[in-house]
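Engineer: One file is attached below, my_file.tsv, containing TSV, N, CA and C atoms.
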```
chain	number	residue	atom	x	y	z
A	406	MET	N	3.02	-34.33	-14.31
A	406	MET	CA	2.67	-33.59	-13.12
A	406	MET	C	2.92	-32.11	-13.36
A	407	ALA	N	1.99	-31.28	-12.98
A	407	ALA	CA	2.08	-29.83	-13.20
A	407	ALA	C	3.08	-29.22	-12.24
A	408	LYS	N	3.78	-28.22	-12.74
A	408	LYS	CA	4.76	-27.51	-11.91
A	408	LYS	C	4.03	-26.60	-10.93
A	409	THR	N	4.48	-26.57	-9.69
A	409	THR	CA	3.91	-25.70	-8.67
A	409	THR	C	4.45	-24.29	-8.86
A	410	MET	N	3.56	-23.32	-8.89
A	410	MET	CA	3.98	-21.94	-9.07
A	410	MET	C	4.61	-21.43	-7.78
A	411	LYS	N	5.80	-20.82	-7.91
A	411	LYS	CA	6.48	-20.23	-6.76
A	411	LYS	C	6.14	-18.75	-6.70
A	412	ILE	N	5.61	-18.33	-5.55
A	412	ILE	CA	5.23	-16.93	-5.36
A	412	ILE	C	6.10	-16.37	-4.23
A	413	ALA	N	6.78	-15.27	-4.53
A	413	ALA	CA	7.58	-14.57	-3.53
A	413	ALA	C	6.88	-13.28	-3.17
A	414	ILE	N	6.62	-13.09	-1.89
A	414	ILE	CA	6.00	-11.85	-1.41
A	414	ILE	C	7.10	-11.07	-0.71
A	415	ILE	N	7.45	-9.93	-1.27
A	415	ILE	CA	8.52	-9.11	-0.74
A	415	ILE	C	7.88	-8.04	0.13
A	416	GLY	N	8.08	-8.15	1.40
A	416	GLY	CA	7.44	-7.29	2.39
A	416	GLY	C	6.74	-8.17	3.39
A	417	ASN	N	7.29	-8.28	4.56
A	417	ASN	CA	6.79	-9.23	5.55
A	417	ASN	C	6.03	-8.55	6.68
A	418	GLY	N	5.42	-7.40	6.38
A	418	GLY	CA	4.62	-6.70	7.38
A	418	GLY	C	3.23	-7.30	7.48
A	419	ASN	N	2.29	-6.51	7.96
A	419	ASN	CA	0.91	-7.00	8.13
A	419	ASN	C	0.29	-7.43	6.81
A	420	VAL	N	0.46	-6.63	5.77
A	420	VAL	CA	-0.17	-6.95	4.49
A	420	VAL	C	0.53	-8.13	3.83
A	421	GLY	N	1.86	-8.09	3.79
A	421	GLY	CA	2.61	-9.16	3.14
A	421	GLY	C	2.42	-10.51	3.81
A	422	SER	N	2.51	-10.54	5.13
A	422	SER	CA	2.34	-11.81	5.84
A	422	SER	C	0.89	-12.29	5.75
A	423	GLY	N	-0.06	-11.36	5.77
A	423	GLY	CA	-1.46	-11.75	5.59
A	423	GLY	C	-1.73	-12.32	4.22
A	424	LEU	N	-1.11	-11.73	3.20
A	424	LEU	CA	-1.25	-12.25	1.84
A	424	LEU	C	-0.64	-13.64	1.74
A	425	ALA	N	0.53	-13.84	2.36
A	425	ALA	CA	1.18	-15.16	2.35
A	425	ALA	C	0.32	-16.20	3.05
A	426	LYS	N	-0.28	-15.82	4.19
A	426	LYS	CA	-1.14	-16.76	4.92
A	426	LYS	C	-2.38	-17.13	4.12
A	427	SER	N	-2.94	-16.14	3.42
A	427	SER	CA	-4.16	-16.42	2.65
A	427	SER	C	-3.86	-17.28	1.42
A	428	LEU	N	-2.65	-17.19	0.89
A	428	LEU	CA	-2.30	-18.00	-0.28
A	428	LEU	C	-1.72	-19.37	0.08
A	429	SER	N	-1.31	-19.55	1.33
A	429	SER	CA	-0.65	-20.80	1.71
A	429	SER	C	-1.55	-22.04	1.61
A	430	PRO	N	-2.86	-21.97	1.86
A	430	PRO	CA	-3.67	-23.18	1.69
A	430	PRO	C	-3.83	-23.61	0.23
A	431	THR	N	-3.45	-22.77	-0.70
A	431	THR	CA	-3.59	-23.11	-2.11
A	431	THR	C	-2.44	-24.03	-2.53
A	432	SER	N	-2.41	-24.40	-3.77
A	432	SER	CA	-1.38	-25.30	-4.27
A	432	SER	C	-0.10	-24.56	-4.65
A	433	TYR	N	-0.01	-23.27	-4.34
A	433	TYR	CA	1.17	-22.48	-4.67
A	433	TYR	C	2.24	-22.63	-3.59
A	434	ASP	N	3.49	-22.48	-4.00
A	434	ASP	CA	4.61	-22.45	-3.06
A	434	ASP	C	4.86	-20.98	-2.71
A	435	VAL	N	4.37	-20.54	-1.55
A	435	VAL	CA	4.39	-19.13	-1.16
A	435	VAL	C	5.43	-18.90	-0.07
A	436	THR	N	6.26	-17.87	-0.26
A	436	THR	CA	7.25	-17.48	0.74
A	436	THR	C	7.25	-15.97	0.86
A	437	ALA	N	7.24	-15.47	2.10
A	437	ALA	CA	7.31	-14.02	2.36
A	437	ALA	C	8.73	-13.68	2.82
A	438	TYR	N	9.25	-12.59	2.30
A	438	TYR	CA	10.61	-12.16	2.60
A	438	TYR	C	10.58	-10.79	3.25
A	439	GLY	N	11.43	-10.59	4.24
A	439	GLY	CA	11.54	-9.31	4.92
A	439	GLY	C	12.61	-8.43	4.32
A	440	ARG	N	13.01	-7.41	5.08
A	440	ARG	CA	13.94	-6.41	4.56
A	440	ARG	C	15.36	-6.93	4.39
A	441	ASP	N	15.73	-8.04	5.01
A	441	ASP	CA	17.09	-8.56	4.91
A	441	ASP	C	17.26	-9.56	3.77
A	442	ALA	N	16.25	-9.76	2.97
A	442	ALA	CA	16.31	-10.76	1.90
A	442	ALA	C	17.18	-10.28	0.74
A	443	ASP	N	17.82	-11.25	0.08
A	443	ASP	CA	18.57	-10.97	-1.14
A	443	ASP	C	17.55	-10.95	-2.28
A	444	LEU	N	17.16	-9.75	-2.70
A	444	LEU	CA	16.05	-9.61	-3.63
A	444	LEU	C	16.34	-10.23	-4.99
A	445	ARG	N	17.58	-10.21	-5.44
A	445	ARG	CA	17.90	-10.82	-6.74
A	445	ARG	C	17.65	-12.32	-6.71
A	446	ALA	N	18.05	-12.96	-5.64
A	446	ALA	CA	17.82	-14.40	-5.52
A	446	ALA	C	16.34	-14.71	-5.39
A	447	VAL	N	15.63	-13.88	-4.62
A	447	VAL	CA	14.20	-14.10	-4.40
A	447	VAL	C	13.43	-13.99	-5.72
A	448	VAL	N	13.65	-12.90	-6.43
A	448	VAL	CA	12.90	-12.66	-7.68
A	448	VAL	C	13.34	-13.62	-8.77
A	449	GLY	N	14.62	-13.96	-8.80
A	449	GLY	CA	15.13	-14.87	-9.82
A	449	GLY	C	14.58	-16.27	-9.68
A	450	ASP	N	14.29	-16.70	-8.45
A	450	ASP	CA	13.80	-18.05	-8.19
A	450	ASP	C	12.28	-18.16	-8.31
A	451	ALA	N	11.58	-17.05	-8.20
A	451	ALA	CA	10.11	-17.08	-8.16
A	451	ALA	C	9.50	-16.98	-9.55
A	452	ASP	N	8.33	-17.58	-9.70
A	452	ASP	CA	7.55	-17.42	-10.93
A	452	ASP	C	6.78	-16.11	-10.89
A	453	TYR	N	6.40	-15.68	-9.71
A	453	TYR	CA	5.63	-14.46	-9.52
A	453	TYR	C	6.12	-13.79	-8.24
A	454	ALA	N	6.33	-12.48	-8.30
A	454	ALA	CA	6.76	-11.74	-7.12
A	454	ALA	C	5.80	-10.60	-6.86
A	455	ALA	N	5.34	-10.49	-5.63
A	455	ALA	CA	4.46	-9.40	-5.23
A	455	ALA	C	5.25	-8.48	-4.32
A	456	LEU	N	5.31	-7.21	-4.67
A	456	LEU	CA	6.03	-6.23	-3.90
A	456	LEU	C	5.04	-5.48	-3.02
A	457	VAL	N	5.15	-5.67	-1.71
A	457	VAL	CA	4.24	-5.07	-0.75
A	457	VAL	C	5.06	-4.13	0.13
A	458	LEU	N	5.12	-2.86	-0.26
A	458	LEU	CA	5.91	-1.87	0.47
A	458	LEU	C	5.00	-0.92	1.21
A	459	ARG	N	5.52	-0.36	2.26
A	459	ARG	CA	4.79	0.65	3.01
A	459	ARG	C	5.47	2.00	2.83
A	460	VAL	N	5.28	2.59	1.72
A	460	VAL	CA	5.76	3.96	1.49
A	460	VAL	C	4.53	4.85	1.41
A	461	THR	N	3.72	4.73	2.43
A	461	THR	CA	2.43	5.39	2.43
A	461	THR	C	2.55	6.91	2.50
A	462	SER	N	3.58	7.40	3.17
A	462	SER	CA	3.72	8.85	3.29
A	462	SER	C	3.91	9.50	1.94
A	463	ALA	N	4.69	8.85	1.09
A	463	ALA	CA	4.95	9.40	-0.24
A	463	ALA	C	3.69	9.44	-1.08
A	464	VAL	N	2.75	8.56	-0.81
A	464	VAL	CA	1.51	8.51	-1.59
A	464	VAL	C	0.42	9.34	-0.92
A	465	SER	N	0.37	9.34	0.40
A	465	SER	CA	-0.71	10.01	1.12
A	465	SER	C	-0.68	11.52	0.97
A	466	ILE	N	0.50	12.12	0.97
A	466	ILE	CA	0.59	13.58	0.91
A	466	ILE	C	-0.05	14.14	-0.37
A	467	PRO	N	0.33	13.66	-1.56
A	467	PRO	CA	-0.34	14.20	-2.75
A	467	PRO	C	-1.81	13.81	-2.84
A	468	LEU	N	-2.17	12.63	-2.33
A	468	LEU	CA	-3.58	12.24	-2.36
A	468	LEU	C	-4.43	13.15	-1.49
A	469	ILE	N	-3.92	13.56	-0.34
A	469	ILE	CA	-4.66	14.48	0.53
A	469	ILE	C	-4.91	15.79	-0.21
A	470	ALA	N	-3.88	16.30	-0.89
A	470	ALA	CA	-4.04	17.55	-1.64
A	470	ALA	C	-5.08	17.40	-2.75
A	471	ILE	N	-5.03	16.30	-3.47
A	471	ILE	CA	-5.99	16.07	-4.56
A	471	ILE	C	-7.40	15.94	-4.00
A	472	LEU	N	-7.55	15.18	-2.92
A	472	LEU	CA	-8.88	14.97	-2.34
A	472	LEU	C	-9.45	16.25	-1.75
A	473	LEU	N	-8.62	17.06	-1.10
A	473	LEU	CA	-9.12	18.33	-0.57
A	473	LEU	C	-9.49	19.29	-1.70
A	474	GLY	N	-8.76	19.22	-2.81
A	474	GLY	CA	-9.16	20.00	-3.99
A	474	GLY	C	-10.50	19.55	-4.53
A	475	SER	N	-10.75	18.26	-4.47
A	475	SER	CA	-12.05	17.73	-4.90
A	475	SER	C	-13.16	18.17	-3.94
A	476	VAL	N	-12.86	18.22	-2.64
A	476	VAL	CA	-13.84	18.71	-1.66
A	476	VAL	C	-14.20	20.15	-1.98
A	477	TRP	N	-13.20	20.98	-2.24
A	477	TRP	CA	-13.43	22.38	-2.57
A	477	TRP	C	-14.25	22.51	-3.86
A	478	ASP	N	-13.89	21.69	-4.87
A	478	ASP	CA	-14.59	21.74	-6.15
A	478	ASP	C	-16.05	21.34	-6.01
A	479	ARG	N	-16.34	20.36	-5.16
A	479	ARG	CA	-17.71	19.83	-5.00
A	479	ARG	C	-18.50	20.53	-3.90
A	480	SER	N	-17.91	21.48	-3.20
A	480	SER	CA	-18.59	22.07	-2.04
A	480	SER	C	-19.88	22.79	-2.39
A	481	GLY	N	-20.01	23.27	-3.61
A	481	GLY	CA	-21.22	23.98	-4.00
A	481	GLY	C	-22.38	23.07	-4.39
A	482	PHE	N	-22.15	21.76	-4.46
A	482	PHE	CA	-23.18	20.84	-4.91
A	482	PHE	C	-23.91	20.13	-3.79
A	483	GLY	N	-23.63	20.47	-2.55
A	483	GLY	CA	-24.33	19.84	-1.44
A	483	GLY	C	-23.55	18.69	-0.83
A	484	TRP	N	-24.16	18.09	0.18
A	484	TRP	CA	-23.47	17.10	1.00
A	484	TRP	C	-23.39	15.73	0.33
A	485	THR	N	-24.43	15.23	-0.27
A	485	THR	CA	-24.45	13.84	-0.72
A	485	THR	C	-24.14	13.70	-2.21
A	486	PHE	N	-23.64	12.54	-2.56
A	486	PHE	CA	-23.33	12.25	-3.96
A	486	PHE	C	-24.59	12.03	-4.79
A	487	SER	N	-25.75	11.92	-4.16
A	487	SER	CA	-26.98	11.77	-4.92
A	487	SER	C	-27.41	13.10	-5.56
A	488	ASN	N	-26.82	14.20	-5.12
A	488	ASN	CA	-27.10	15.50	-5.75
A	488	ASN	C	-26.49	15.54	-7.14
A	489	GLU	N	-27.02	16.42	-7.98
A	489	GLU	CA	-26.46	16.58	-9.32
A	489	GLU	C	-25.00	17.04	-9.20
A	490	CYS	N	-24.11	16.45	-9.96
A	490	CYS	CA	-22.66	16.70	-9.95
A	490	CYS	C	-21.98	16.20	-8.68
A	491	GLY	N	-22.65	15.42	-7.88
A	491	GLY	CA	-22.02	14.83	-6.70
A	491	GLY	C	-21.95	15.74	-5.51
A	492	GLY	N	-21.36	15.24	-4.46
A	492	GLY	CA	-21.21	16.01	-3.22
A	492	GLY	C	-19.77	15.97	-2.74
A	493	TRP	N	-19.57	16.43	-1.53
A	493	TRP	CA	-18.19	16.54	-1.05
A	493	TRP	C	-17.87	15.64	0.12
A	494	GLU	N	-18.82	14.82	0.58
A	494	GLU	CA	-18.55	14.00	1.76
A	494	GLU	C	-17.60	12.84	1.47
A	495	PHE	N	-17.67	12.27	0.28
A	495	PHE	CA	-16.84	11.12	-0.02
A	495	PHE	C	-15.36	11.50	-0.16
A	496	PRO	N	-15.00	12.54	-0.92
A	496	PRO	CA	-13.59	12.93	-0.94
A	496	PRO	C	-13.08	13.42	0.42
A	497	LEU	N	-13.95	14.02	1.23
A	497	LEU	CA	-13.53	14.44	2.57
A	497	LEU	C	-13.21	13.23	3.43
A	498	PHE	N	-14.06	12.21	3.35
A	498	PHE	CA	-13.81	10.97	4.09
A	498	PHE	C	-12.46	10.37	3.70
A	499	TRP	N	-12.18	10.30	2.39
A	499	TRP	CA	-10.91	9.69	1.94
A	499	TRP	C	-9.72	10.58	2.27
A	500	ALA	N	-9.88	11.88	2.33
A	500	ALA	CA	-8.79	12.76	2.76
A	500	ALA	C	-8.46	12.50	4.23
A	501	ILE	N	-9.49	12.29	5.06
A	501	ILE	CA	-9.28	11.97	6.47
A	501	ILE	C	-8.59	10.61	6.61
A	502	VAL	N	-9.04	9.63	5.82
A	502	VAL	CA	-8.41	8.30	5.86
A	502	VAL	C	-6.94	8.40	5.46
A	503	GLN	N	-6.64	9.16	4.42
A	503	GLN	CA	-5.24	9.31	4.00
A	503	GLN	C	-4.42	10.03	5.07
A	504	GLY	N	-5.02	10.97	5.79
A	504	GLY	CA	-4.34	11.63	6.90
A	504	GLY	C	-4.00	10.64	8.01
A	505	VAL	N	-4.92	9.75	8.31
A	505	VAL	CA	-4.67	8.72	9.33
A	505	VAL	C	-3.55	7.80	8.87
A	506	ILE	N	-3.59	7.37	7.61
A	506	ILE	CA	-2.53	6.51	7.07
A	506	ILE	C	-1.19	7.22	7.12
A	507	LEU	N	-1.18	8.51	6.82
A	507	LEU	CA	0.05	9.29	6.88
A	507	LEU	C	0.61	9.32	8.30
A	508	LEU	N	-0.26	9.49	9.29
A	508	LEU	CA	0.19	9.54	10.68
A	508	LEU	C	0.63	8.17	11.21
A	509	LEU	N	0.07	7.10	10.67
A	509	LEU	CA	0.47	5.76	11.11
A	509	LEU	C	1.90	5.44	10.71
A	510	GLY	N	2.30	5.87	9.52
A	510	GLY	CA	3.66	5.61	9.05
A	510	GLY	C	3.87	4.15	8.70
A	511	ALA	N	5.14	3.78	8.57
A	511	ALA	CA	5.49	2.42	8.19
A	511	ALA	C	5.42	1.50	9.41
A	512	GLY	N	5.15	0.25	9.16
A	512	GLY	CA	5.11	-0.73	10.23
A	512	GLY	C	6.50	-1.16	10.66
A	513	ALA	N	6.59	-1.93	11.72
A	513	ALA	CA	7.88	-2.37	12.25
A	513	ALA	C	8.63	-3.27	11.29
A	514	HIS	N	7.91	-4.01	10.47
A	514	HIS	CA	8.54	-4.96	9.56
A	514	HIS	C	8.49	-4.49	8.11
A	515	ALA	N	8.27	-3.23	7.90
A	515	ALA	CA	8.14	-2.70	6.54
A	515	ALA	C	9.49	-2.60	5.86
A	516	LEU	N	9.50	-2.85	4.56
A	516	LEU	CA	10.69	-2.60	3.78
A	516	LEU	C	10.85	-1.10	3.63
A	517	ARG	N	12.04	-0.62	3.80
A	517	ARG	CA	12.29	0.82	3.69
A	517	ARG	C	13.34	1.07	2.62
A	518	PRO	N	12.91	1.43	1.42
A	518	PRO	CA	13.89	1.72	0.37
A	518	PRO	C	14.75	2.91	0.78
A	519	PRO	N	16.08	2.85	0.56
A	519	PRO	CA	16.97	3.92	1.00
A	519	PRO	C	16.61	5.29	0.43
A	520	VAL	N	16.13	5.35	-0.80
A	520	VAL	CA	15.77	6.63	-1.41
A	520	VAL	C	14.64	7.29	-0.63
A	521	ILE	N	13.65	6.50	-0.25
A	521	ILE	CA	12.52	7.02	0.50
A	521	ILE	C	12.96	7.41	1.91
A	522	GLU	N	13.83	6.60	2.52
A	522	GLU	CA	14.35	6.92	3.86
A	522	GLU	C	15.07	8.27	3.86
A	523	ARG	N	15.92	8.50	2.84
A	523	ARG	CA	16.66	9.76	2.79
A	523	ARG	C	15.73	10.93	2.54
A	524	THR	N	14.72	10.72	1.71
A	524	THR	CA	13.82	11.82	1.34
A	524	THR	C	12.85	12.16	2.47
A	525	LEU	N	12.23	11.15	3.06
A	525	LEU	CA	11.18	11.38	4.04
A	525	LEU	C	11.63	11.22	5.48
A	526	GLY	N	12.82	10.68	5.69
A	526	GLY	CA	13.34	10.52	7.05
A	526	GLY	C	12.48	9.59	7.89
A	527	ARG	N	12.15	10.01	9.09
A	527	ARG	CA	11.39	9.14	10.00
A	527	ARG	C	9.93	8.97	9.58
A	528	PHE	N	9.46	9.77	8.61
A	528	PHE	CA	8.08	9.65	8.14
A	528	PHE	C	7.92	8.57	7.09
A	529	ALA	N	9.01	7.98	6.65
A	529	ALA	CA	8.95	6.95	5.59
A	529	ALA	C	8.35	5.68	6.12
```
Let's see the structure in the file written out as structure tokens.
Structural biologist:
Amino acid sequence: MAKTMKIAIIGNGNVGSGLAKSLSPTSYDVTAYGRDADLRAVVGDADYAALVLRVTSAVSIPLIAILLGSVWDRSGFGWTFSNECGGWEFPLFWAIVQGVILLLGAGAHALRPPVIERTLGRFA
């Protein structure tokens, strides 16, 4: 008889719990853990561990800067990407999306690493 793969999903927010629900009908042994879990025991017992953290602020800020730089770089080539050398609407769209993600912040059930909490405070 084949061994059942144990999957530990660390992060029990919207994404982590959704991932656990989508994998539960499969033949895998799936468990989602929240912020109070003993991570050494969780990872040591699992065959596969997925880390689903919401540290979006730390990622969104530099991405917005990069995307706005891309908008500035592409501004001379017109609106659409079908123009030669592309356009600027797509990076502008993603800069706006990253701004929305930045404003949403972490979810109620998000894991909050202490380093990120100290660095970003309530924006983590």
Engineer: Pick out the closest residue to Asp434 (chain A) from this set: A:Asn488, A:Thr409, A:Ser422, A:Ser475. Count only C-alpha atoms.
Structural biologist: A:Thr409
Engineer: Figure out the distance between CA of Ala425 (chain A) and CA of Leu507 (chain A), please, to one decimal in Å.
Structural biologist: 24.9 Å
Engineer: If you run DSSP on the backbone, which residues of region 418-521 of chain A are strand (DSSP E), as an NGL selection string?
Structural biologist: :A and (434-438 or 453-456)
Engineer: Separation of atom N of Ala413 (chain A) and atom N of Asp452 (chain A), in Å?
Structural biologist: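 These atoms are spaced 5.9 Å apart.
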Engineer: Tell me which of A:Leu428, A:Ile501, A:Met410, A:Ala437 sits closest to Ser465 (chain A), counting only C-alpha atoms.
Structural biologist: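 Ranked by minimum distance to Ser465 (chain A), first place goes to A:Ile501.
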Engineer: Pull C-alpha atoms for region 426-470 of chain A from the block and write them as a PDB file, in the first residue's frame.
Structural biologist:
```pdb
ATOM      1  CA  LYS A 426      -9.929  22.884   0.895  1.00  0.00           C
ATOM      2  CA  SER A 427      -8.943  22.412  -2.735  1.00  0.00           C
ATOM      3  CA  LEU A 428      -6.432  19.687  -1.845  1.00  0.00           C
ATOM      4  CA  SER A 429      -8.638  17.865   0.670  1.00  0.00           C
ATOM      5  CA  PRO A 430     -10.645  15.841  -1.912  1.00  0.00           C
ATOM      6  CA  THR A 431      -7.368  14.343  -3.148  1.00  0.00           C
ATOM      7  CA  SER A 432      -5.632  11.362  -1.594  1.00  0.00           C
ATOM      8  CA  TYR A 433      -3.264  13.642   0.358  1.00  0.00           C
ATOM      9  CA  ASP A 434      -3.397  14.158   4.117  1.00  0.00           C
ATOM     10  CA  VAL A 435      -3.761  17.975   4.217  1.00  0.00           C
ATOM     11  CA  THR A 436      -3.704  20.106   7.367  1.00  0.00           C
ATOM     12  CA  ALA A 437      -3.679  23.919   7.627  1.00  0.00           C
ATOM     13  CA  TYR A 438      -1.977  25.556  10.597  1.00  0.00           C
ATOM     14  CA  GLY A 439      -2.478  29.056  11.968  1.00  0.00           C
ATOM     15  CA  ARG A 440      -0.167  31.431  13.793  1.00  0.00           C
ATOM     16  CA  ASP A 441      -0.204  29.459  17.067  1.00  0.00           C
ATOM     17  CA  ALA A 442       1.193  26.269  15.538  1.00  0.00           C
ATOM     18  CA  ASP A 443       4.482  24.725  16.629  1.00  0.00           C
ATOM     19  CA  LEU A 444       6.248  25.078  13.282  1.00  0.00           C
ATOM     20  CA  ARG A 445       9.051  22.613  14.071  1.00  0.00           C
ATOM     21  CA  ALA A 446       6.566  19.851  14.781  1.00  0.00           C
ATOM     22  CA  VAL A 447       4.457  20.758  11.748  1.00  0.00           C
ATOM     23  CA  VAL A 448       7.339  20.799   9.268  1.00  0.00           C
ATOM     24  CA  GLY A 449       9.066  17.797  10.837  1.00  0.00           C
ATOM     25  CA  ASP A 450       5.955  15.628  10.486  1.00  0.00           C
ATOM     26  CA  ALA A 451       5.000  16.707   6.949  1.00  0.00           C
ATOM     27  CA  ASP A 452       6.304  15.399   3.651  1.00  0.00           C
ATOM     28  CA  TYR A 453       5.602  18.762   2.028  1.00  0.00           C
ATOM     29  CA  ALA A 454       5.052  22.165   3.632  1.00  0.00           C
ATOM     30  CA  ALA A 455       3.574  25.185   1.885  1.00  0.00           C
ATOM     31  CA  LEU A 456       4.262  28.543   3.489  1.00  0.00           C
ATOM     32  CA  VAL A 457       1.421  30.971   2.768  1.00  0.00           C
ATOM     33  CA  LEU A 458       2.251  34.297   4.418  1.00  0.00           C
ATOM     34  CA  ARG A 459       0.705  37.687   3.993  1.00  0.00           C
ATOM     35  CA  VAL A 460       3.652  40.037   4.036  1.00  0.00           C
ATOM     36  CA  THR A 461       2.242  41.894   1.095  1.00  0.00           C
ATOM     37  CA  SER A 462       3.347  45.338   2.245  1.00  0.00           C
ATOM     38  CA  ALA A 463       6.985  44.334   2.127  1.00  0.00           C
ATOM     39  CA  VAL A 464       6.563  43.144  -1.458  1.00  0.00           C
ATOM     40  CA  SER A 465       4.072  45.728  -2.754  1.00  0.00           C
ATOM     41  CA  ILE A 466       6.136  48.834  -1.987  1.00  0.00           C
ATOM     42  CA  PRO A 467       9.147  47.947  -4.172  1.00  0.00           C
ATOM     43  CA  LEU A 468       6.886  46.481  -6.858  1.00  0.00           C
ATOM     44  CA  ILE A 469       4.951  49.756  -7.112  1.00  0.00           C
ATOM     45  CA  ALA A 470       8.227  51.642  -7.587  1.00  0.00           C
TER      46      ALA A 470
END
```
